[in-house]
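Below is one structure, written out as structure tokens; comments come after it.
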Number of protein chains: 4
Amino acid sequence: MNTLGTLFKITSFGESHGPAIGVVIDGCPSQLEIDIDFIQTELNKRRPGQSNITTSRNETDQVEILSGVFEGKSTGAPITLLIKNKDSNPFDYEHLKDIYRPSHADFTYQNKYGIRDYRGGGSSSARLTAGWVAAGAIAKLLLKKYSISITAYVKQVYQIALNIPYTELNFEEIERNNVRCPHPETALIMEQEILKAKNEGDSLGGIISCVIANCPVGLGEPIFDKLNAKLAQAIMCINAVKGIQFGEGFNSVNFKGSELNDSFINKEGKTSTSTNHSGGIQGGISNGEDIYFETAFKPTATILKSQQTVDTAGNETTLEAKGRHDPCVLPRAVPIVEAMSALVLADLVLVDKAYSL
Amino acid sequence: MNTLGTLFKITSFGESHGPAIGVVIDGCPSQLEIDIDFIQTELNKRRPGQSNITTSRNETDQVEILSGVFEGKSTGAPITLLIKNKDSNPFDYEHLKDIYRPSHADFTYQNKYGIRDYRGGGSSSARLTAGWVAAGAIAKLLLKKYSISITAYVKQVYQIALNIPYTELNFEEIERNNVRCPHPETALIMEQEILKAKNEGDSLGGIISCVIANCPVGLGEPIFDKLNAKLAQAIMCINAVKGIQFGEGFNSVNFKGSELNDSFINKEGKTSTSTNHSGGIQGGISNGEDIYFETAFKPTATILKSQQTVDTAGNETTLEAKGRHDPCVLPRAVPIVEAMSALVLADLVLVDKAYSL
Amino acid sequence: MNTLGTLFKITSFGESHGPAIGVVIDGCPSQLEIDIDFIQTELNKRRPGQSNITTSRNETDQVEILSGVFEGKSTGAPITLLIKNKDSNPFDYEHLKDIYRPSHADFTYQNKYGIRDYRGGGSSSARLTAGWVAAGAIAKLLLKKYSISITAYVKQVYQIALNIPYTELNFEEIERNNVRCPHPETALIMEQEILKAKNEGDSLGGIISCVIANCPVGLGEPIFDKLNAKLAQAIMCINAVKGIQFGEGFNSVNFKGSELNDSFINKEGKTSTSTNHSGGIQGGISNGEDIYFETAFKPTATILKSQQTVDTAGNETTLEAKGRHDPCVLPRAVPIVEAMSALVLADLVLVDKAYSL
Amino acid sequence: MNTLGTLFKITSFGESHGPAIGVVIDGCPSQLEIDIDFIQTELNKRRPGQSNITTSRNETDQVEILSGVFEGKSTGAPITLLIKNKDSNPFDYEHLKDIYRPSHADFTYQNKYGIRDYRGGGSSSARLTAGWVAAGAIAKLLLKKYSISITAYVKQVYQIALNIPYTELNFEEIERNNVRCPHPETALIMEQEILKAKNEGDSLGGIISCVIANCPVGLGEPIFDKLNAKLAQAIMCINAVKGIQFGEGFNSVNFKGSELNDSFINKEGKTSTSTNHSGGIQGGISNGEDIYFETAFKPTATILKSQQTVDTAGNETTLEAKGRHDPCVLPRAVPIVEAMSALVLADLVLVDKAYSL
């Protein structure tokens with residue numbers, strides 16, 4: 001339900017237009033320095049209204065720590081992170097009270113729960129991912145102690161794809177443009193495409209790539225808590241995600257075993273692989289190579305075009321365009337993908353530690 | 001680790017060349033008729049040696065019920081299913097004791113655990129999936145009470161793809177050929193391709209499609225136990241799986257929101273959608289339409305060709321081809337994909353039932 | 001760790017002298033009317049400063065709902081309940097920074113975590129039970145739909161015991177005195193005993209009895225989630241609890257099987273028992289009779305007398321009496337025992353519901 | 001349900017008169033030497049028919065390891081332990097098919113599940129504890145690495161109590177008599193009392209004391225996985241247990257805080273306590289002193305005397321005495337109490353390890 005993880009666990013709560021959203025982290029080791037500026041920096045990457053190509057909802061997303069931190073360090077008790085909602089005008093949503101937005105969670109929530117906070121999607125809103133990003137920032141602080149780093153970037157927006165292997169990209173470019181694509185020329189085209197969609201009142205999807213570097217050998221718990229399985233679950237929880245693939249992923253099928261197998265080599269005394277088609281995971285356990293995966297986001301469902309739909313009474317009707325919209329969530333989803341990955345890794349680091357004799 | 005599920009839970013155990021593999025199901029509702037013939041039929045679809053295009057390991061995979069069933073019905077107590085290993089010749093694996101097979105779990109298991117049952121991959125072996133298929137058969141018996149049906153088939157083998165939408169296929173064709181592809185002509189080409197790889201001592205991957213029909217609205221528990229997230233985790237646990245996508249999946253990115261959104265319509269009094277790009281899931285909850293997803297299997301790592309690798313002491317060496325191999329696991333993976341899906345759905349059916357007032 | 005329950009789950013957070021304490025309830029069924037006045041009434045029973053025989057810390061313990069409730073009803077999303085700390089003077093605790101209070105959690109927390117919020121016991125403080133009482137109030141609202149009622153009362157304070165069976169007591173007397181003992185004469189003696197201890201700067205323990213009435217047959221999940229096992233775990237989490245016994249409890253050993261067995265009888269068409277030595281639970285499952293148990297609270301560790309102890313550097317020293325103290329927590333523990341019981345029952349009601357065909 | 005633990009987890013399965021009972025241990029660290037003789041020795045202490053004062057059911061309780069152990073060591077994969085049922089005559093139980101034994105689980109199981117394996121109590125039978133003892137033996141092997149030792153003994157049988165503090169007893173006496181009471185003279189009286197009850201066809205309960213020595217400071221995870229809370233849950237799962245108390249337990253209420261608090265002292269450079277009324281646990285965390293608790297077993301429900309009861313159709317009737325019975329389970333419960341304690345401690349050792357920076 002709303003808790004993720006075995007030892008490093010987060011419980012997510014809140015609604016888009018309630019008083020606040022937040023997260024409780026249960027299982028953060030004690031004595032970890034909690035750098036609140038770093039948490040805020042991560043949140044700012046996800047913040048709405050950060051550039052001309054995102055939604056105009058204006059939230060400062062200021063994080064407050066309610067518990068679990070004493071004199072700047074974690075105490076081992078649950079860490080509660082709260083982010084108050086500010087720019088939430090409930091009147092913006094009155095027209096959605098009795099109508100289902102196509103491809104939104106309105107219909108499924110109403111039918112599952114028999115009740116629904118229709119204001120901005122309520123608890124189904126991607127606004128809750130702010131809490132995950134804040135929690136992910138703390139997971140990153142923990143992973144730093146193990147030298148593990150996580151970098152995500154926008155690889156494709158709509159039909160504009162960056163087909164350069166991640167190993168040839170300069171990750172420092174990611175934060176230098178609004179799209180978070182590490183290739184400035186491609187980023188520019190993507191940005192133009194997003195602006196075009198924004199003007200059309202339409203939305204675009206895309207692909208985010210994520211690379212986990214310096215992961216030690218041994219993370220992931222077979223059989224059902226495999227590293228790839230836990231990452232897949234976590235990433236698939238992000239709103240609008242429709243697929244995930246590790247290493248060569250779906251492209252693996254185009255090769256024979258003799259072509260795809262990653263030969264082991266002795267690289268300066270360390271067993272390594274000559275290629276990395278596996279994406280750093282074998283048998284559900286990290287093998288010490290880079291872990292990399294890609295995840296597909298569909299275009300967001302909210303658009304400013306009229307759409308055919310049905311109201312809660314079952315009558316067919318037209319949903320008229322109204323309000324704010326986010327033409328492309330990819331740039332803001334980059335920190336979310338990193339955060340979810342960090343949460344999974346932090347959890348598996350602790351589990352692996354428990355079992356080491 | 002080795003338990004999957006919240007209420008309908010399975011615990012998997014065993015090694016490829018130990019005395020037996022099996023599974024304990026904890027949380028099967030009582031009074032369910034346990035049709036042992038049906039379980040065996042499902043197992044037979046996964047059985048090695050079932051046709052000329054699979055491994056020649058010969059296992060009858062006869063299932064025994066050790067607990068939880070009384071006079072043909074479940075009692076509510078844990079159901080233990082045991083499958084004894086028969087054709088397990090430990091001498092076949094002596095040569096793998098000190099060497100890592102490329103892209104296998106040998107290296108990661110050895111490094112994570114400091115010890116490894118090298119005989120046939122030990123507990124990392126896909127042989128354990130027999131237990132999952134047996135458990136999945138019981139999950140299917142439970143789902144039958146809710147009219148939910150699950151059908152998987154081979155959609156692609158290596159570069160031979162069946163690009164016909166599932167809605168236009170005749171699923172009765174699936175079990176009529178060795179490949180489990182519902183298009184006889186394509187199945188034939190796939191079979192030839194597999195035989196060619198078999199003769200070459202090479203292996204092929206592919207794509208399996210899975211369709212879940214008659215799923216009621218409301219399955220899946222936001223935020224972190226979303227239906228797609230739990231399915232992704234479960235499917236990603238299957239050996240050799242490298243990716244999963246729901247509905248239009250990665251192809252979603254090629255459309256704009258206005259093109260991809262599934263409009264709601266009133267279909268004979270029932271709210272339905274005019275298209276199903278979402279793949280039957282919105283906001284992590286089933287919406288009553290068909291759920292469909294695709295999953296990519298890399299070619300199996302074990303091949304009968306010499307490969308460069310490293311031994312446990314770190315020396316580079318050549319792994320000489322030897323023993324049995326499975327040129328393409330896709331046909332045998334079809335019942336596994338169905339089983340994992342059934343286990344997830346059975347679990348979510350029970351959870352949803354708990355919360356309905 | 002800080003989450004309790006399988007389906008009706010609470011996550012507890014906060015510190016005695018942090019900004020707030022609270023709880024997230026994950027798994028409350030939707031459409032439940034959330035009566036905030038009832039929650040507050042329950043909290044008021046636990047509130048410090050409610051009478052002359054409790055601590056003088058002054059907290060209004062006003063509950064705020066941050067999420068999960070829409071237009072007065074639960075939505076199925078996590079319900080976050082927040083209680084801000086008001087009367088928390090950190091300077092009151094400076095003298096405890098480097099010293100371990102005897103029989104307190106100071107020493108174990110410091111050694112386990114290497115850091116400790118020493119202000120009022122930090123996260124080990126019984127103040128966190130306010131969150132549990134608030135969550136328990138919502139559990140009670142859910143249980144009301146199943147007609148289950150829970151009543152606890154003070155049965156013993158120090159050596160003053162009420163040795164009348166609960167069946168002969170008038171539970172309406174409980175809230176009519178400060179001690180929450182349903183026997184006015186005994187309550188008066190208890191109150192005097194507590195005031196005496198208060199004046200002496202000493203503390204008293206006691207026994208709370210709890211009766212769960214109208215529990216349907218079938219709650220509790222063998223083998224390891226037995227109703228008595230889950231209640232024991234939950235009750236044992238309450239600060240200062242040292243023991244729990246069900247039905248005849250420790251006194252059972254004084255009888256032979258032939259004397260203690262509860263014969264089944266047909267009571268107006270319903271299978272019932274002639275006696276109830278078992279306390280309403282057989283084989284870990286409720287049998288439809290009253291469930292009753294007793295739990296022992298040691299006298300609270302904080303007293304206003306000088307005590308021998310050791311400082312964090314290991315030096316023996318004297319802890320000088322200072323500040324506020326609660327001479328007897330029993331009256332305020334009554335709502336806590338009820339709340340923990342309600343949380344366990346609400347959880348088991350949902351689990352049982354899931355498994356009913 | 002049937003799984004206990006967070007990291008060192010056991011899943012229990014089987015029925016008294018099914019083919020076998022057993023347990024899967026998930027989460028045993030790898031490379032632990034699995035001494036099968038030790039497991040068998042532990043099982044022999046629980047074995048029925050071991051002396052003239054236990055049931056005459058004759059089971060050798062030979063343990064088989066089905067998985068998870070390779071060349072004498074754990075591999076990190078699930079360890080499956082199987083014990084086949086041998087002396088199970090289903091005809092012995094035909095007369096119990098339609099009748100509820102007083103104070104047994106027959107009635108609650110039938111009503112909860114709508115079906116019941118009536119042969120020897122089915123899955124509610126104490127026979128399943130053999131699996132727990134086997135798993136507990138492996139937990140003990142793990143705890144040995146941390147020097148933690150666990151010793152239980154019979155402190156009271158019926159009204160014969162051994163009122164000598166455990167610190168003054170010689171634990172080597174425990175295994176020298178059939179009762180497992182470390183005081184030979186008392187053991188003799190207890191044995192006579194048990195034989196008398198055996199001849200009368202009646203049953204006796206009693207109290208078991210358990211002492212955990214050399215437990216390091218820091219085990220137990222506040223708030224809800226406190227060491228005492230987890231022990232209470234686990235012990236309360238043992239058939240016939242009606243109560244548990246830690247340290248002074250219920251007797252705590254007879255003292256004032258100033259009398260009961262355990263003063264800290266510096267004992268040869270180590271912070272220790274001058275007394276140990278707390279029983280080695282403060283704030284739910286072990287404090288380095290001996291942990292000790294007592295648990296009450298009611299007399300077993302099965303007796304060889306006629307009893308009034310009700311049949312499954314609701315008719316009042318008489319249950320005629322028949323078959324075998326165990327006049328006092330206390331001697332055989334000693335290894336069970338140790339095993340459950342060991343399982344809890346092994347689990348908490350691993351969890352604590354995970355969180356240590």
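Numbering starts fresh at 1 for the residues of each chain in the structure tokens, the chains themselves are lettered A, B, ... in the order given, and ligands are numbered from 1 as they appear.
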
### Query
Neighbours of segment 241-253 of chain A within 9 Å (only C-alpha atoms; same-chain residues fewer than 5 positions away dropped), as a PyMOL selection string?
(chain A and resi 228+232+235-236+260+276-281+291-298) or (chain B and resi 156-159+204-207+228+232+241-250+252+278+295-299)

### Spatial neighbours of Val310 of chain C, 8 Å, only C-alpha atoms, chain gap at least 2 places, as number ranges by chain
C: 99-100, 308, 312-318; D: 264-266, 271

### Task
Just need the residues of chain D within 9 Å of chain A, counting only C-alpha atoms, so spit them out as a list in words.
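Going by the stated atoms only, the list reads Thr6, Leu7, Gly27, Cys28, Pro29, Ser30, Gln31, Leu32, Gly76, Ala77, Pro222, Ile223, Val349, Leu350, Val351, Asp352, Lys353, Ala354, Tyr355, Ser356 and Leu357 of chain D.
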
If you run DSSP on the backbone, which residues of segment 50-262 of chain D are strand (DSSP E or B), as an mmCIF file with C-alpha atoms, in the first residue's frame?
data_model
loop_
_atom_site.group_PDB
_atom_site.id
_atom_site.type_symbol
_atom_site.label_atom_id
_atom_site.label_comp_id
_atom_site.auth_asym_id
_atom_site.auth_seq_id
_atom_site.Cartn_x
_atom_site.Cartn_y
_atom_site.Cartn_z
ATOM 1 C CA VAL D 63 14.751 -34.179 10.492
ATOM 2 C CA GLU D 64 15.595 -33.986 6.784
ATOM 3 C CA ILE D 65 17.155 -30.956 5.110
ATOM 4 C CA LEU D 66 15.580 -30.351 1.711
ATOM 5 C CA SER D 67 17.319 -27.155 0.705
ATOM 6 C CA VAL D 69 22.576 -26.338 2.897
ATOM 7 C CA PHE D 70 25.539 -27.275 0.727
ATOM 8 C CA LYS D 73 26.980 -24.973 5.346
ATOM 9 C CA SER D 74 24.100 -22.618 4.755
ATOM 10 C CA ILE D 79 16.594 -23.874 4.451
ATOM 11 C CA THR D 80 13.743 -26.362 4.396
ATOM 12 C CA LEU D 81 13.476 -28.788 7.287
ATOM 13 C CA LEU D 82 11.059 -31.686 6.977
ATOM 14 C CA ILE D 83 9.875 -34.104 9.645
ATOM 15 C CA LYS D 84 7.717 -36.948 8.449
ATOM 16 C CA ILE D 99 -17.615 -33.008 17.953
ATOM 17 C CA SER D 149 22.829 -18.521 25.188
ATOM 18 C CA ILE D 150 19.248 -19.396 26.034
ATOM 19 C CA THR D 151 18.144 -21.674 28.841
ATOM 20 C CA ALA D 152 14.601 -22.556 29.802
ATOM 21 C CA TYR D 153 13.399 -24.818 32.571
ATOM 22 C CA VAL D 154 10.252 -25.910 34.348
ATOM 23 C CA LYS D 155 9.639 -23.674 37.323
ATOM 24 C CA GLN D 156 6.187 -24.843 38.282
ATOM 25 C CA VAL D 157 3.941 -27.824 37.589
ATOM 26 C CA ILE D 160 4.391 -27.421 42.836
ATOM 27 C CA ALA D 161 6.558 -24.321 42.429
ATOM 28 C CA LEU D 204 -1.547 -30.238 34.493
ATOM 29 C CA GLY D 206 2.709 -24.928 34.841
ATOM 30 C CA ILE D 207 5.279 -22.215 34.392
ATOM 31 C CA ILE D 208 8.467 -22.193 32.344
ATOM 32 C CA SER D 209 11.265 -19.759 33.098
ATOM 33 C CA CYS D 210 13.639 -18.652 30.392
ATOM 34 C CA VAL D 211 16.990 -16.906 30.771
ATOM 35 C CA ILE D 212 18.896 -15.306 27.909
ATOM 36 C CA ALA D 213 22.501 -14.711 28.885
ATOM 37 C CA GLU D 221 13.671 -2.258 17.529
ATOM 38 C CA ASP D 225 9.384 -4.427 17.434
ATOM 39 C CA VAL D 241 0.412 -20.432 26.698
ATOM 40 C CA LYS D 242 -1.801 -18.020 28.635
ATOM 41 C CA GLY D 243 0.595 -15.380 29.904
ATOM 42 C CA ILE D 244 4.098 -13.959 29.862
ATOM 43 C CA GLN D 245 5.954 -11.640 32.191
ATOM 44 C CA PHE D 246 9.398 -10.070 32.015
ATOM 45 C CA LYS D 256 7.317 1.668 44.358
#

### Task
Could you give me the residues within segment 42-218 of chain C that DSSP places in helix (DSSP H, G or I), as a ChimeraX atom specification?
/C:42-46,90-96,106-113,119-124,126-144,166-168,171-176,184-200

### Task
With a distance cut-off of 9 Å and only C-alpha atoms, select the neighbouring residues of Lys230 of chain B, excluding the residue or stretch itself and same-chain residues fewer than 6 positions from it, and output the selection as a PyMOL selection string.
(chain A and resi 232-233+236) or (chain B and resi 5+220+224+344-345)

### Query
How far is it from atom CA of Leu227 of chain D to atom CA of Gly284 of chain D, in Å with one decimal?
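These two atoms are separated by 5.2 Å.
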
### Task
Find the residues near Gln307 of chain C: any atom within 8 Å, counting only C-alpha atoms, skip ones fewer than 3 places away on the same chain, and give them as a list in words.
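So the residues in contact are Pro102, Thr318, Leu319, Glu320 and Ala321 of chain C; Ser263 of chain D.
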
Keeping only N, CA, C and O atoms, write the selected residues to a file as a compact mmCIF listing (two decimals), in the first residue's frame.
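Dumped to selection_33.txt:
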# COMPACT_ATOMS: atom_id res chain seq x y z
N PRO C 102 17.89 5.78 35.95
CA PRO C 102 17.71 4.35 36.22
C PRO C 102 16.40 3.82 35.65
O PRO C 102 15.36 4.48 35.75
N THR C 318 25.14 10.77 41.21
CA THR C 318 23.79 10.81 41.76
C THR C 318 22.90 11.66 40.87
O THR C 318 23.27 12.76 40.47
N LEU C 319 21.76 11.11 40.51
CA LEU C 319 20.78 11.87 39.74
C LEU C 319 19.88 12.60 40.72
O LEU C 319 19.16 11.99 41.51
N GLU C 320 19.98 13.92 40.67
CA GLU C 320 19.17 14.71 41.60
C GLU C 320 17.76 14.86 41.06
O GLU C 320 17.54 15.03 39.86
N ALA C 321 16.81 14.81 41.95
CA ALA C 321 15.40 14.95 41.59
C ALA C 321 15.15 16.33 41.01
O ALA C 321 15.71 17.32 41.49
N SER D 263 19.38 0.67 39.60
CA SER D 263 20.44 1.70 39.56
C SER D 263 21.57 1.27 38.64
O SER D 263 21.95 0.10 38.61

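Distances from D:Cys237, D:Asp311, D:Ala301, D:Gly218 to Lys270 of chain C were compared using only C-alpha atoms, and the smallest one belongs to D:Asp311.
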